[in-house]
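Here is the structure we will look at, set down as structure tokens.
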Amino acid sequence: MRLQPSPTAEIASSLSLRVEKPVTLKDPVVQAMIRDTKADAMVVAAYGLLLPQVVLDIPRLGCLNIHGSLLPRWRGAAPVQRAIEAGDVETGISIMQMDAGLDTGPVLLRTPLEIMADETSTTLFAKLTELGASSIVTALAQLDRLPPRPQPAEGVTYARKIEKSEAQIDWTQSALDLERRIRAFDPFPGAEARLTGQVLKIWRAELVDSIAMPEANPPGTVVKTGADIVNVQCGRGILALKTIQKPGGNRLAVADFLRSTTIQTGTSLT
């Protein structure tokens with residue numbers, strides 16, 4: 001729970017490069033500091049705030065944003081998680097010329113990336129980090145030869161910020177949707193269910209059946225158990241829980257989890 005310098009700040013400091021950490025870019029003193037660098041271009045990555053127009057206008061070649069989606073799909077704060085949650089099969093990196101809007105500027109370079117069937121936000125973030133780094137180097141090297149292409153009006157989606165409250169599993173949703181959400185919310189905020197009052201984190205699940213309807217078993221009912229089986233009825237379909245974590249414990253494969261915790265057929269997960 002202590003503030004730590006980012007890897008960028010650590011490397012910059014080791015190279016005796018100046019590091020500034022302004023709380024806001026609206027301060028005229030901060031704006032003057034940026035202006036004094038006489039930078040040709042400014043690169044933004046995961047900044048999280050809109051840049052004032054006065055700052056956007058400072059660099060001769062503008063401000064470039066490394067965005068983790070193929071714009072205009074998934075503008076906003078959480079493009080990686082929302083792409084997995086939506087079941088997208090492709091994402092990528094967009095190097096974008098920033099304007100006053102939220103990820104609305106023209107795109108200079110798009111680099112696609114396949115989303116694997118077992119992808120989590122953790123694994124996809126890692127891939128996009130590497131891809132974003134190489135893409136911005138490519139873009140800067142040929143900036144004068146990359147025509148800015150306005151984003152089309154069609155296909156715009158917004159990736160709203162991930163909230164902690166989204167961790168609660170709603171078993172009335174389909175098994176397919178829940179399997180995607182569990183992967184999308186790894187590592188934050190995770191996916192939570194309650195077993196006799198105890199909160200469990202579900203870190204991995206697999207689709208067993210995509211069409212089974214909750215006729216005799218309400219959503220959240222454990223419909224099958226075994227040495228390494230915990231299958232749960234959803235609003236549509238059945239989900240097999242594969243990796244579970246108790247409060248204060250480690251992530252466990254379901255077989256290891258069941259050695260210390262009994263879950264019987266007919267049990268209700270809320």
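Naming scheme: A, B, ... for chains in displayed order of the structure tokens; residues 1 onward per chain; ligands 1 onward as shown.
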Can you list, as a PyMOL selection string, every protein, DNA or RNA residue that comes within 8 Å of Trp203 of chain A when you count only C-alpha atoms, leaving out same-chain residues fewer than 6 positions away?
chain A and resi 182-183+186+190-191+242-245+251
Would you output that residue set with C-alpha atoms, as an mmCIF file, in the first residue's frame?
data_model
loop_
_atom_site.group_PDB
_atom_site.id
_atom_site.type_symbol
_atom_site.label_atom_id
_atom_site.label_comp_id
_atom_site.auth_asym_id
_atom_site.auth_seq_id
_atom_site.Cartn_x
_atom_site.Cartn_y
_atom_site.Cartn_z
ATOM 1 C CA ILE A 182 -14.715 -14.185 -15.591
ATOM 2 C CA ARG A 183 -11.823 -13.950 -18.055
ATOM 3 C CA ASP A 186 -8.986 -11.246 -14.209
ATOM 4 C CA GLY A 190 -12.433 -10.768 -10.229
ATOM 5 C CA ALA A 191 -15.710 -12.695 -10.245
ATOM 6 C CA LYS A 242 -12.193 -24.621 -12.775
ATOM 7 C CA THR A 243 -10.192 -22.262 -10.537
ATOM 8 C CA ILE A 244 -11.523 -21.048 -7.170
ATOM 9 C CA GLN A 245 -10.096 -18.946 -4.346
ATOM 10 C CA ARG A 251 -6.068 -19.690 -6.444
#
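Taking atom CA of Asp209 of chain A and atom CA of Gly235 of chain A as the two end points, the separation is 11.5 Å.
Compared by their closest atoms to Leu71 of chain A, and using only C-alpha atoms, the residues A:Leu3, A:Ala133, A:Ile84, A:Ala159 rank with A:Ala159 nearest.
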So what do you get for atom CA of Leu178 of chain A versus atom CA of Arg259 of chain A, distance-wise?
25.3 Å
Spatial neighbours of Glu215 of chain A, max dist 12 Å, only C-alpha atoms, sep filter under 4 positions, as a ChimeraX atom specification:
/A:211,219,221,223,233-237
Using DSSP on the backbone, list every residue of segment 79-211 of chain A that comes out as strand (DSSP E), and give them as an MDAnalysis selection string.
chainID A and resid 90:97 107:114 158:159 192:195 198:209
Atoms to include: N, CA and C atoms. Write the selected residues as a compact mmCIF listing (two decimals), in the first residue's frame.
# COMPACT_ATOMS: atom_id res chain seq x y z
N GLU A 90 -10.98 -10.22 -32.13
CA GLU A 90 -9.84 -9.42 -32.56
C GLU A 90 -9.83 -8.08 -31.83
N THR A 91 -8.65 -7.62 -31.49
CA THR A 91 -8.46 -6.27 -30.97
C THR A 91 -7.17 -5.75 -31.59
N GLY A 92 -6.47 -4.87 -30.90
CA GLY A 92 -5.21 -4.39 -31.45
C GLY A 92 -4.80 -3.07 -30.84
N ILE A 93 -3.90 -2.39 -31.51
CA ILE A 93 -3.40 -1.10 -31.07
C ILE A 93 -3.72 -0.05 -32.13
N SER A 94 -4.22 1.07 -31.67
CA SER A 94 -4.42 2.23 -32.54
C SER A 94 -3.51 3.36 -32.05
N ILE A 95 -2.65 3.84 -32.94
CA ILE A 95 -1.89 5.05 -32.66
C ILE A 95 -2.71 6.21 -33.21
N MET A 96 -3.15 7.07 -32.30
CA MET A 96 -4.15 8.06 -32.64
C MET A 96 -3.62 9.47 -32.41
N GLN A 97 -3.95 10.38 -33.32
CA GLN A 97 -3.67 11.80 -33.13
C GLN A 97 -4.73 12.35 -32.19
N VAL A 107 -6.81 8.27 -36.73
CA VAL A 107 -5.89 7.17 -36.46
C VAL A 107 -4.76 7.19 -37.48
N LEU A 108 -3.53 7.10 -36.99
CA LEU A 108 -2.36 7.08 -37.86
C LEU A 108 -1.92 5.67 -38.21
N LEU A 109 -2.07 4.75 -37.26
CA LEU A 109 -1.58 3.38 -37.46
C LEU A 109 -2.44 2.42 -36.66
N ARG A 110 -2.88 1.34 -37.29
CA ARG A 110 -3.66 0.29 -36.62
C ARG A 110 -2.92 -1.02 -36.77
N THR A 111 -2.76 -1.73 -35.64
CA THR A 111 -2.08 -3.03 -35.67
C THR A 111 -2.99 -4.06 -35.00
N PRO A 112 -3.58 -4.98 -35.76
CA PRO A 112 -4.54 -5.94 -35.18
C PRO A 112 -3.86 -7.05 -34.38
N LEU A 113 -4.64 -7.65 -33.49
CA LEU A 113 -4.16 -8.76 -32.66
C LEU A 113 -5.34 -9.70 -32.39
N GLU A 114 -5.12 -11.00 -32.58
CA GLU A 114 -6.17 -11.99 -32.31
C GLU A 114 -6.37 -12.15 -30.81
N TYR A 158 -18.27 2.26 -26.59
CA TYR A 158 -17.61 2.91 -25.45
C TYR A 158 -17.30 1.88 -24.37
N ALA A 159 -16.04 1.82 -23.98
CA ALA A 159 -15.60 0.87 -22.95
C ALA A 159 -15.59 1.57 -21.60
N GLU A 192 -17.08 -12.93 -8.25
CA GLU A 192 -17.38 -13.40 -6.89
C GLU A 192 -18.73 -14.11 -6.81
N ALA A 193 -18.74 -15.20 -6.04
CA ALA A 193 -19.98 -15.89 -5.70
C ALA A 193 -19.93 -16.22 -4.21
N ARG A 194 -21.08 -16.51 -3.63
CA ARG A 194 -21.13 -16.85 -2.20
C ARG A 194 -21.58 -18.29 -2.02
N LEU A 195 -20.84 -18.98 -1.16
CA LEU A 195 -21.16 -20.36 -0.79
C LEU A 195 -21.41 -20.38 0.71
N GLN A 198 -19.89 -17.52 2.49
CA GLN A 198 -18.47 -17.25 2.25
C GLN A 198 -18.25 -16.80 0.81
N VAL A 199 -17.50 -15.71 0.67
CA VAL A 199 -17.22 -15.18 -0.67
C VAL A 199 -16.13 -16.02 -1.33
N LEU A 200 -16.41 -16.48 -2.55
CA LEU A 200 -15.43 -17.20 -3.35
C LEU A 200 -15.11 -16.39 -4.59
N LYS A 201 -13.85 -16.39 -4.99
CA LYS A 201 -13.45 -15.80 -6.26
C LYS A 201 -13.38 -16.93 -7.30
N ILE A 202 -14.04 -16.72 -8.42
CA ILE A 202 -13.99 -17.69 -9.52
C ILE A 202 -13.07 -17.10 -10.59
N TRP A 203 -11.92 -17.74 -10.80
CA TRP A 203 -10.92 -17.18 -11.71
C TRP A 203 -10.93 -17.85 -13.09
N ARG A 204 -11.48 -19.04 -13.16
CA ARG A 204 -11.56 -19.69 -14.47
C ARG A 204 -12.77 -20.62 -14.49
N ALA A 205 -13.44 -20.62 -15.62
CA ALA A 205 -14.60 -21.49 -15.80
C ALA A 205 -14.66 -21.90 -17.26
N GLU A 206 -15.35 -23.00 -17.51
CA GLU A 206 -15.49 -23.49 -18.88
C GLU A 206 -16.96 -23.74 -19.19
N LEU A 207 -17.30 -23.51 -20.44
CA LEU A 207 -18.67 -23.72 -20.89
C LEU A 207 -18.92 -25.22 -21.07
N VAL A 208 -19.91 -25.75 -20.35
CA VAL A 208 -20.28 -27.16 -20.48
C VAL A 208 -21.44 -27.32 -21.45
N ASP A 209 -22.41 -26.44 -21.32
CA ASP A 209 -23.62 -26.49 -22.14
C ASP A 209 -24.10 -25.06 -22.32
With a distance cut-off of 9 Å and only C-alpha atoms, select the neighbouring residues of Ile229 of chain A, excluding the residue or stretch itself and same-chain residues fewer than 6 positions from it, and output the selection as a PyMOL selection string.
chain A and resi 240-242+254-255+258
Can you write out the residues you just picked, keeping N, CA and C atoms, as an mmCIF file, in the first residue's frame?
data_model
loop_
_atom_site.group_PDB
_atom_site.id
_atom_site.type_symbol
_atom_site.label_atom_id
_atom_site.label_comp_id
_atom_site.auth_asym_id
_atom_site.auth_seq_id
_atom_site.Cartn_x
_atom_site.Cartn_y
_atom_site.Cartn_z
ATOM 1 N N ALA A 240 -18.798 -24.849 -15.835
ATOM 2 C CA ALA A 240 -17.938 -25.658 -14.972
ATOM 3 C C ALA A 240 -16.894 -24.754 -14.331
ATOM 4 N N LEU A 241 -16.886 -24.701 -12.997
ATOM 5 C CA LEU A 241 -15.897 -23.890 -12.288
ATOM 6 C C LEU A 241 -14.570 -24.637 -12.267
ATOM 7 N N LYS A 242 -13.487 -23.962 -12.637
ATOM 8 C CA LYS A 242 -12.193 -24.621 -12.775
ATOM 9 C C LYS A 242 -11.122 -24.099 -11.827
ATOM 10 N N VAL A 254 -9.968 -26.705 -9.169
ATOM 11 C CA VAL A 254 -11.173 -27.152 -8.484
ATOM 12 C C VAL A 254 -10.944 -28.449 -7.710
ATOM 13 N N ALA A 255 -10.111 -29.353 -8.227
ATOM 14 C CA ALA A 255 -9.843 -30.610 -7.512
ATOM 15 C C ALA A 255 -9.170 -30.337 -6.177
ATOM 16 N N LEU A 258 -11.687 -28.745 -3.696
ATOM 17 C CA LEU A 258 -12.665 -29.680 -3.141
ATOM 18 C C LEU A 258 -12.086 -30.612 -2.080
#
Nearest to Arg180 of chain A by atom-to-atom distance, counting only C-alpha atoms, from A:Val89, A:Ala153, A:Leu131, A:Met42:
A:Val89
When you draw a straight line from atom CA of Leu140 of chain A to atom CA of His67 of chain A, how long is it in Å?
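A separation of 15.0 Å between them.
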Go through A:Asn250, A:Ser210, A:Thr37, A:Asn65 and flag the residue nearest Gly105 of chain A, using only C-alpha atoms for the distances.
A:Asn65
For Lys21 of chain A, list every protein, DNA or RNA residue within 12 Å, evaluated using only C-alpha atoms, and leave out those in the same chain fewer than 3 positions away; present the list as a JSON list (two decimals) with C-alpha atoms, in the first residue's frame.
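Output file selection04.json follows:
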[["chain", "number", "residue", "atom", "x", "y", "z"],
["A", 5, "PRO", "CA", 7.56, 4.76, -9.09],
["A", 6, "SER", "CA", 6.47, 3.34, -12.41],
["A", 8, "THR", "CA", 9.17, 4.30, -16.88],
["A", 9, "ALA", "CA", 10.09, 6.66, -14.06],
["A", 18, "ARG", "CA", 14.06, 14.54, -16.00],
["A", 24, "THR", "CA", -3.02, 18.30, -13.47],
["A", 25, "LEU", "CA", -2.15, 19.65, -16.91],
["A", 30, "VAL", "CA", 2.89, 22.92, -15.86],
["A", 33, "MET", "CA", 7.17, 23.44, -18.36],
["A", 34, "ILE", "CA", 5.86, 21.27, -21.20],
["A", 47, "TYR", "CA", -3.13, 8.58, -18.89]]
Output as CSV one row per residue of segment 116-220 of chain A within 12 Å of segment 56-61 of chain A: the closest atom pair and its distance in Å to one decimal place, counting only C-alpha atoms, sorted by chain and residue number ascending.
residue,atom,partner,partner_atom,distance
A:Ala139,CA,A:Leu61,CA,12.0
A:Leu140,CA,A:Leu61,CA,10.0
A:Gln142,CA,A:Leu61,CA,11.9
A:Leu143,CA,A:Leu61,CA,8.4
A:Asp144,CA,A:Leu61,CA,8.9
A:Leu146,CA,A:Leu61,CA,11.8
A:Pro148,CA,A:Leu61,CA,11.8
To test your reading of the structure, identify every residue in segment 96-200 of chain A that backbone DSSP assigns to alpha helix (DSSP H), and report it as a count of residues only.
31
Extract, using only C-alpha atoms, all DNA, RNA and protein residues at most 9 Å from segment 262-267 of chain A, discarding same-chain residues fewer than 4 positions from it, and format them as number ranges by chain.
A: 195-196, 217, 220-226, 230-231, 257-258
Selected residues, C-alpha atoms, written as a short mmCIF file (atom, residue, chain, number, x, y, z; two decimals), in the first residue's frame, please.
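As a result, again19.cif now contains:
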data_model
loop_
_atom_site.label_atom_id
_atom_site.label_comp_id
_atom_site.auth_asym_id
_atom_site.auth_seq_id
_atom_site.Cartn_x
_atom_site.Cartn_y
_atom_site.Cartn_z
CA LEU A 195 -21.16 -20.36 -0.79
CA THR A 196 -23.10 -20.53 2.50
CA ASN A 217 -32.74 -25.97 -10.96
CA GLY A 220 -26.81 -20.64 -9.31
CA THR A 221 -27.64 -24.25 -8.45
CA VAL A 222 -24.77 -26.75 -8.48
CA VAL A 223 -26.10 -29.44 -10.82
CA LYS A 224 -23.14 -31.83 -10.80
CA THR A 225 -20.17 -32.48 -8.52
CA GLY A 226 -17.25 -34.89 -8.50
CA VAL A 230 -18.46 -28.23 -9.93
CA ASN A 231 -21.04 -27.50 -12.62
CA PHE A 257 -10.29 -26.75 -3.67
CA LEU A 258 -12.67 -29.68 -3.14
#
Set the distance at 8 Å and use only C-alpha atoms: which residues neighbour Met98 of chain A once local chain neighbours fewer than 3 positions away are removed? I'd like the list as a PyMOL selection string.
chain A and resi 56+62-65+101+103-106
